[in-house]
$ cat query.txt   # compact mmCIF, C-alpha atoms
# COMPACT_ATOMS: atom_id res chain seq x y z
CA MET U 626 0.00 0.00 0.00
CA ASP U 627 2.83 2.40 0.74
CA GLN U 628 3.74 2.73 -2.93
CA LEU U 629 0.20 3.55 -4.09
CA THR U 630 -0.25 6.77 -5.99
CA ALA U 631 -3.36 8.84 -5.36
CA GLN U 632 -4.87 7.41 -8.55
CA ASN U 633 -4.14 3.87 -7.37
CA ALA U 634 -5.75 4.67 -4.03
CA ASN U 635 -8.95 5.82 -5.76
CA THR U 636 -8.93 2.65 -7.87
CA PHE U 637 -8.35 0.59 -4.70
CA PHE U 638 -11.41 2.20 -3.10
CA TYR U 639 -13.63 1.25 -6.03
CA GLN U 640 -12.22 -2.28 -6.08
CA ALA U 641 -13.08 -2.57 -2.39
CA PHE U 642 -16.60 -1.39 -3.22
CA GLN U 643 -17.01 -3.76 -6.14
CA GLN U 644 -15.62 -6.70 -4.18
CA LEU U 645 -17.81 -5.80 -1.19
CA SER U 646 -14.70 -6.02 0.94
CA ILE U 647 -14.78 -4.47 4.39
CA ASN U 648 -11.14 -5.49 4.86
CA GLN U 649 -10.11 -3.45 1.83
CA MET U 650 -12.31 -0.53 2.97
CA ASP U 651 -10.48 -0.74 6.29
CA ILE U 652 -7.18 -0.41 4.44
CA ILE U 653 -8.10 2.53 2.21
CA TRP U 654 -10.15 4.68 4.62
CA SER U 655 -8.59 7.09 7.08
CA HIS U 656 -9.45 5.86 10.57
CA GLY U 657 -9.76 9.37 11.93
CA ASP U 658 -12.76 10.49 13.90
CA ASN U 659 -13.29 13.29 11.37
CA SER U 660 -13.63 11.11 8.29
CA ILE U 661 -16.92 11.81 6.54
CA CYS U 662 -19.09 9.60 4.34
CA ILE U 663 -22.37 10.44 2.65
CA HIS U 664 -24.12 7.62 0.86
CA PRO U 665 -27.00 8.62 -1.45
CA GLY U 666 -30.12 9.18 0.63
CA TRP U 667 -28.37 8.36 3.92
CA GLU U 668 -27.75 10.45 6.95
CA LEU U 669 -24.32 11.96 7.39
CA VAL U 670 -21.81 9.38 8.70
CA ILE U 671 -18.82 10.70 10.65
CA GLY U 672 -15.77 8.78 11.92
CA TRP U 673 -14.33 5.50 10.65
CA MET U 674 -16.19 3.22 13.07
CA ALA U 675 -19.57 4.54 11.94
CA ILE U 676 -18.45 4.61 8.31
CA LYS U 677 -17.31 0.98 8.54
CA GLU U 678 -20.71 0.01 9.96
CA SER U 679 -22.45 1.82 7.09
CA TRP U 680 -20.47 -0.15 4.48
CA ILE U 681 -21.26 -3.40 6.32
CA GLN U 682 -24.96 -2.57 6.14
CA ILE U 683 -24.72 -1.74 2.44
CA PHE U 684 -22.62 -4.78 1.53
CA ASN U 685 -24.92 -7.15 3.47
CA LYS U 686 -27.85 -6.18 1.23
CA ILE U 687 -26.04 -6.55 -2.09
CA GLU U 688 -26.28 -9.89 -3.88
CA MET U 689 -24.42 -8.76 -7.00
CA ILE U 690 -22.73 -5.55 -8.02
CA ASP U 691 -21.30 -4.35 -11.30
CA MET U 692 -19.73 -0.92 -11.34
CA LYS U 693 -17.98 1.20 -13.91
CA THR U 694 -16.33 4.42 -12.84
CA ASN U 695 -15.19 7.43 -14.78
CA THR U 696 -12.97 10.14 -13.25
CA LEU U 697 -14.33 13.55 -14.28
CA SER U 698 -11.53 15.44 -12.59
CA LEU U 699 -8.49 14.98 -10.38
CA ARG U 700 -6.98 17.85 -8.45
CA LYS U 701 -3.80 17.13 -6.53
CA CYS U 702 -1.56 19.27 -4.38
CA GLY U 703 1.06 17.92 -2.01
CA ASN U 704 -0.60 15.46 0.34
CA LEU U 705 -4.12 16.26 -0.87
CA ALA U 706 -6.00 14.74 -3.82
CA ILE U 707 -9.62 15.25 -4.86
CA PHE U 708 -11.36 12.99 -7.35
CA ILE U 709 -14.75 13.67 -8.87
CA CYS U 710 -16.09 10.41 -10.24
CA LEU U 711 -19.15 9.16 -12.03
CA GLU U 712 -20.24 5.71 -10.90
CA ASN U 713 -22.43 3.59 -13.14
CA ILE U 714 -23.78 0.95 -10.79
CA ARG U 715 -25.86 -2.16 -11.31
CA ILE U 716 -26.87 -3.79 -8.04
CA SER U 717 -28.95 -6.84 -7.32
CA GLU U 718 -30.88 -6.68 -4.04
CA ASN U 719 -33.70 -9.01 -3.09
CA GLY U 720 -33.56 -10.55 -6.54
CA ARG U 721 -34.04 -7.22 -8.29
CA ILE U 722 -31.47 -5.45 -10.41
CA ASN U 723 -31.31 -1.67 -9.99
CA ARG U 724 -29.24 0.63 -12.15
CA SER U 725 -28.12 3.99 -10.88
CA CYS U 726 -25.76 6.80 -11.73
CA VAL U 727 -23.91 8.40 -8.82
CA LEU U 728 -21.54 11.32 -8.66
CA SER U 729 -18.93 11.15 -5.92
CA THR U 730 -16.35 13.47 -4.51
CA ASN U 731 -13.47 11.52 -2.96
CA VAL U 732 -10.83 13.32 -0.90
CA PHE U 733 -7.59 11.45 -0.18
CA GLU U 734 -4.87 12.61 2.19
CA GLN U 735 -1.36 11.23 2.25
CA SER U 736 -0.14 10.25 5.70
CA LYS U 737 3.16 8.48 6.32
CA GLY U 738 3.42 7.73 2.62
CA ARG U 739 -0.09 6.25 2.34
CA TRP U 740 -3.01 7.82 0.52
CA LEU U 741 -6.13 7.41 2.66
CA LEU U 742 -9.74 8.30 1.91
CA SER U 743 -11.04 10.84 4.40
CA HIS U 744 -14.15 12.14 2.62
CA HIS U 745 -16.62 10.43 0.28
CA GLN U 746 -19.79 12.22 -0.77
CA ALA U 747 -22.06 10.33 -3.15
CA SER U 748 -25.18 11.78 -4.81
CA SER U 749 -27.60 9.98 -7.08
CA ILE U 750 -28.03 11.89 -10.30
CA SER U 751 -30.15 11.57 -13.39
CA ASN U 752 -29.61 8.52 -15.52
CA ASN U 753 -29.17 10.65 -18.61
CA LEU U 754 -25.44 10.49 -17.97
CA LEU U 755 -25.22 6.73 -18.24
CA ASP U 756 -24.39 7.05 -21.92
CA ILE U 757 -21.05 8.51 -20.92
CA TYR U 758 -19.92 5.00 -20.07
CA ASP U 759 -21.03 3.60 -23.36
CA SER U 760 -19.28 6.20 -25.48
CA MET F 171 -11.61 40.17 -4.49
CA ASP F 172 -7.90 39.69 -5.09
CA GLN F 173 -7.12 39.84 -1.40
CA LEU F 174 -9.67 37.25 -0.35
CA THR F 175 -8.41 34.26 1.57
CA ALA F 176 -9.90 30.86 0.84
CA GLN F 177 -12.05 31.24 3.96
CA ASN F 178 -13.29 34.60 2.77
CA ALA F 179 -14.11 33.10 -0.62
CA ASN F 180 -16.24 30.39 1.01
CA THR F 181 -18.00 33.06 3.07
CA PHE F 182 -18.51 35.14 -0.09
CA PHE F 183 -20.16 32.15 -1.79
CA TYR F 184 -22.65 31.73 1.06
CA GLN F 185 -23.35 35.46 1.11
CA ALA F 186 -24.10 35.27 -2.61
CA PHE F 187 -26.46 32.37 -1.88
CA GLN F 188 -28.18 34.14 1.00
CA GLN F 189 -28.52 37.38 -0.94
CA LEU F 190 -29.79 35.47 -4.01
CA SER F 191 -27.20 37.38 -6.02
CA ILE F 192 -26.33 36.05 -9.46
CA ASN F 193 -23.79 38.86 -9.81
CA GLN F 194 -21.93 37.66 -6.71
CA MET F 195 -22.16 34.03 -7.89
CA ASP F 196 -20.62 35.23 -11.15
CA ILE F 197 -17.72 36.71 -9.20
CA ILE F 198 -17.00 33.71 -6.97
CA TRP F 199 -17.48 30.82 -9.43
CA SER F 200 -14.78 29.66 -11.79
CA HIS F 201 -16.05 30.28 -15.32
CA GLY F 202 -14.36 27.14 -16.65
CA ASP F 203 -16.22 24.62 -18.74
CA ASN F 204 -15.26 21.95 -16.19
CA SER F 205 -16.83 23.58 -13.13
CA ILE F 206 -19.31 21.20 -11.51
CA CYS F 207 -22.40 21.87 -9.41
CA ILE F 208 -24.77 19.37 -7.83
CA HIS F 209 -27.83 20.80 -6.14
CA PRO F 210 -29.80 18.39 -3.92
CA GLY F 211 -32.05 16.26 -6.12
CA TRP F 212 -30.89 17.91 -9.33
CA GLU F 213 -29.12 16.51 -12.31
CA LEU F 214 -25.42 17.09 -12.63
CA VAL F 215 -24.63 20.63 -13.88
CA ILE F 216 -21.34 21.15 -15.70
CA GLY F 217 -19.77 24.42 -16.87
CA TRP F 218 -20.37 27.95 -15.60
CA MET F 219 -23.06 28.91 -18.11
CA ALA F 220 -25.23 25.95 -17.09
CA ILE F 221 -24.38 26.46 -13.41
CA LYS F 222 -25.37 30.15 -13.62
CA GLU F 223 -28.69 29.14 -15.20
CA SER F 224 -29.30 26.65 -12.37
CA TRP F 225 -28.79 29.32 -9.71
CA ILE F 226 -31.11 31.68 -11.62
CA GLN F 227 -33.81 28.98 -11.56
CA ILE F 228 -33.29 28.38 -7.85
CA PHE F 229 -33.20 32.07 -6.90
CA ASN F 230 -36.33 32.84 -8.94
CA LYS F 231 -38.36 30.43 -6.80
CA ILE F 232 -37.16 31.68 -3.42
CA GLU F 233 -39.25 34.34 -1.67
CA MET F 234 -37.16 34.37 1.53
CA ILE F 235 -34.04 32.56 2.65
CA ASP F 236 -32.31 32.28 5.99
CA MET F 237 -29.15 30.24 6.12
CA LYS F 238 -26.63 29.34 8.80
CA THR F 239 -23.48 27.53 7.80
CA ASN F 240 -20.97 25.58 9.82
CA THR F 241 -17.60 24.51 8.40
CA LEU F 242 -16.93 20.90 9.42
CA SER F 243 -13.50 20.83 7.85
CA LEU F 244 -11.12 22.86 5.75
CA ARG F 245 -8.22 21.29 3.90
CA LYS F 246 -5.86 23.62 2.09
CA CYS F 247 -2.74 23.04 0.06
CA GLY F 248 -1.16 25.61 -2.24
CA ASN F 249 -3.79 26.81 -4.67
CA LEU F 250 -6.38 24.24 -3.59
CA ALA F 251 -8.90 24.49 -0.72
CA ILE F 252 -11.71 22.10 0.19
CA PHE F 253 -14.48 23.05 2.58
CA ILE F 254 -17.04 20.63 3.99
CA CYS F 255 -19.96 22.65 5.28
CA LEU F 256 -23.29 22.03 6.94
CA GLU F 257 -26.01 24.37 5.74
CA ASN F 258 -29.07 24.95 7.87
CA ILE F 259 -31.54 26.48 5.45
CA ARG F 260 -34.99 27.99 5.84
CA ILE F 261 -36.58 28.85 2.55
CA SER F 262 -39.96 30.31 1.71
CA GLU F 263 -41.37 29.17 -1.62
CA ASN F 264 -44.98 29.62 -2.72
CA GLY F 265 -45.81 30.94 0.72
CA ARG F 266 -44.50 27.86 2.50
CA ILE F 267 -41.44 27.73 4.72
CA ASN F 268 -39.26 24.64 4.36
CA ARG F 269 -36.37 23.81 6.62
CA SER F 270 -33.56 21.59 5.41
CA CYS F 271 -30.10 20.48 6.37
CA VAL F 272 -27.58 20.14 3.56
CA LEU F 273 -24.00 18.97 3.52
CA SER F 274 -21.81 20.54 0.87
CA THR F 275 -18.32 20.00 -0.42
CA ASN F 276 -16.90 23.20 -1.89
CA VAL F 277 -13.63 23.12 -3.83
CA PHE F 278 -11.88 26.43 -4.46
CA GLU F 279 -8.87 26.95 -6.70
CA GLN F 280 -6.66 30.01 -6.65
CA SER F 281 -6.02 31.51 -10.06
CA LYS F 282 -4.16 34.78 -10.60
CA GLY F 283 -4.48 35.51 -6.89
CA ARG F 284 -8.25 34.89 -6.76
CA TRP F 285 -9.95 31.96 -5.02
CA LEU F 286 -12.70 30.67 -7.30
CA LEU F 287 -15.30 27.97 -6.67
CA SER F 288 -14.94 25.14 -9.17
CA HIS F 289 -16.92 22.36 -7.49
CA HIS F 290 -20.01 22.46 -5.26
CA GLN F 291 -21.77 19.23 -4.30
CA ALA F 292 -24.78 19.58 -2.02
CA SER F 293 -26.69 16.66 -0.46
CA SER F 294 -29.78 16.86 1.71
CA ILE F 295 -29.23 14.98 4.94
CA SER F 296 -31.31 14.08 7.93
CA ASN F 297 -32.56 16.91 10.08
CA ASN F 298 -31.14 15.30 13.19
CA LEU F 299 -28.06 17.45 12.68
CA LEU F 300 -29.91 20.73 12.92
CA ASP F 301 -29.14 20.83 16.62
CA ILE F 302 -25.50 21.41 15.77
CA TYR F 303 -26.39 24.98 14.94
CA ASP F 304 -28.16 25.55 18.18
CA SER F 305 -25.36 24.22 20.36

$ encode --input "query.txt" --output "structure tokens"
Amino acid sequence: MDQLTAQNANTFFYQAFQQLSINQMDIIWSHGDNSICIHPGWELVIGWMAIKESWIQIFNKIEMIDMKTNTLSLRKCGNLAIFICLENIRISENGRINRSCVLSTNVFEQSKGRWLLSHHQASSISNNLLDIYDS
Amino acid sequence: MDQLTAQNANTFFYQAFQQLSINQMDIIWSHGDNSICIHPGWELVIGWMAIKESWIQIFNKIEMIDMKTNTLSLRKCGNLAIFICLENIRISENGRINRSCVLSTNVFEQSKGRWLLSHHQASSISNNLLDIYDS
């Protein structure tokens, strides 16, 4: 993990999501009390312990997930990196497949050589952007 | 404007919002084609011209607004500053007053000495955080 670039860290986060892996989420998230996570339609989740619990709840409901991501922008300065990503998600829950398009802001901070996710804000947006993935 | 700090720029943005001032929004937003704005429940808005139009639509509907903001975190590095803010908003539309709590990520970039807003993502969250403002 120490050699990960910021881009690799963002990719690692989405792999953790797609693999429904709490262990990988544990690796990529900052464990600080001030870490912030906003899932679409959820309440605000603050601090790694609460964030971890939120991912457990989400992962427990998912039977299948297929996700494509597209980085709209990356801003990086020193130990700070901000990704704005479109997520094209297909999820199977309770035997039903739902498709959604989500825009996320991911803020990574480098600490002791490791890029860690300290802020993830995800908002459901209109599906009219799904074509971006097919182009 | 040239002497504004990043903090002042964030304050300026919320003053523009509270004063329903398109002219002030025009001053504080980056006019780049890649600027991004996500209002709660809206589609993704990209580029200043579309963002300006979105604020015009929003402002035209508002009869009265009262807003308190609380900065949860500020990360700053060089020409990049990220604010995570809670917005406690009371809005009157069509004679009705609605109260909402919104979490926003605001990304400012300094260009030619001016801090300009290039990314604003706003998500409605549960009202159980409204007490933060009263404490």

$ atom_distance --input "query.txt" --atom1 "CA of Glu734 in chain U" --atom2 "CA of Trp218 in chain F"
28.1 Å

$ residues_around --input "query.txt" --residues "Ser655 in chain U" --least-positions-apart "2" --cutoff "9 Å" --atoms "all atoms listed in the file" --output "ChimeraX atom specification"
/U:651-653,657-660,672-673,733-734,740-744

$ closest_residue --input "query.txt" --among "F:Asn264, F:Gln177, F:Ser296, F:Ser281" --to "chain U" --atoms "all atoms listed in the file"
F:Ser296

$ interface_residues --input "query.txt" --of "chain F" --to "chain U" --cutoff "10 Å" --atoms "all atoms listed in the file" --output "ChimeraX atom specification"
/F:204-206,208-214,242-243,245-252,254,272-275,277,279,289-299

$ residues_around --input "query.txt" --residues "Leu174 in chain F" --least-positions-apart "4" --cutoff "10 Å" --atoms "all atoms listed in the file" --output "mmCIF file with C-alpha atoms, in the frame of the given file"
data_model
loop_
_atom_site.group_PDB
_atom_site.id
_atom_site.type_symbol
_atom_site.label_atom_id
_atom_site.label_comp_id
_atom_site.auth_asym_id
_atom_site.auth_seq_id
_atom_site.Cartn_x
_atom_site.Cartn_y
_atom_site.Cartn_z
ATOM 1 C CA ASN F 178 -13.290 34.600 2.770
ATOM 2 C CA ALA F 179 -14.110 33.100 -0.620
ATOM 3 C CA ASN F 180 -16.240 30.390 1.010
ATOM 4 C CA THR F 181 -18.000 33.060 3.070
ATOM 5 C CA PHE F 182 -18.510 35.140 -0.090
ATOM 6 C CA GLY F 283 -4.480 35.510 -6.890
ATOM 7 C CA ARG F 284 -8.250 34.890 -6.760
ATOM 8 C CA TRP F 285 -9.950 31.960 -5.020
#

$ residues_around --input "query.txt" --residues "Ser191 in chain F" --least-positions-apart "3" --cutoff "12 Å" --atoms "all atoms listed in the file" --output "ChimeraX atom specification"
/F:182-188,194-198,222,225-226,228-230,232

$ write_last_selection --input "query.txt" --atoms "C-alpha atoms" --output "mmCIF file, in the frame of the given file"
data_model
loop_
_atom_site.group_PDB
_atom_site.id
_atom_site.type_symbol
_atom_site.label_atom_id
_atom_site.label_comp_id
_atom_site.auth_asym_id
_atom_site.auth_seq_id
_atom_site.Cartn_x
_atom_site.Cartn_y
_atom_site.Cartn_z
ATOM 1 C CA PHE F 182 -18.510 35.140 -0.090
ATOM 2 C CA PHE F 183 -20.160 32.150 -1.790
ATOM 3 C CA TYR F 184 -22.650 31.730 1.060
ATOM 4 C CA GLN F 185 -23.350 35.460 1.110
ATOM 5 C CA ALA F 186 -24.100 35.270 -2.610
ATOM 6 C CA PHE F 187 -26.460 32.370 -1.880
ATOM 7 C CA GLN F 188 -28.180 34.140 1.000
ATOM 8 C CA GLN F 194 -21.930 37.660 -6.710
ATOM 9 C CA MET F 195 -22.160 34.030 -7.890
ATOM 10 C CA ASP F 196 -20.620 35.230 -11.150
ATOM 11 C CA ILE F 197 -17.720 36.710 -9.200
ATOM 12 C CA ILE F 198 -17.000 33.710 -6.970
ATOM 13 C CA LYS F 222 -25.370 30.150 -13.620
ATOM 14 C CA TRP F 225 -28.790 29.320 -9.710
ATOM 15 C CA ILE F 226 -31.110 31.680 -11.620
ATOM 16 C CA ILE F 228 -33.290 28.380 -7.850
ATOM 17 C CA PHE F 229 -33.200 32.070 -6.900
ATOM 18 C CA ASN F 230 -36.330 32.840 -8.940
ATOM 19 C CA ILE F 232 -37.160 31.680 -3.420
#

$ residues_near_point --input "query.txt" --point "(-24.5, -8.4, -4.3)" --cutoff "7 Å" --atoms "only C-alpha atoms" --output "PyMOL selection string"
chain U and resi 686-690+716-718

$ write_last_selection --input "query.txt" --atoms "C-alpha atoms" --output "mmCIF file, keeping the file's coordinate frame"
data_model
loop_
_atom_site.group_PDB
_atom_site.id
_atom_site.type_symbol
_atom_site.label_atom_id
_atom_site.label_comp_id
_atom_site.auth_asym_id
_atom_site.auth_seq_id
_atom_site.Cartn_x
_atom_site.Cartn_y
_atom_site.Cartn_z
ATOM 1 C CA LYS U 686 -27.850 -6.180 1.230
ATOM 2 C CA ILE U 687 -26.040 -6.550 -2.090
ATOM 3 C CA GLU U 688 -26.280 -9.890 -3.880
ATOM 4 C CA MET U 689 -24.420 -8.760 -7.000
ATOM 5 C CA ILE U 690 -22.730 -5.550 -8.020
ATOM 6 C CA ILE U 716 -26.870 -3.790 -8.040
ATOM 7 C CA SER U 717 -28.950 -6.840 -7.320
ATOM 8 C CA GLU U 718 -30.880 -6.680 -4.040
#
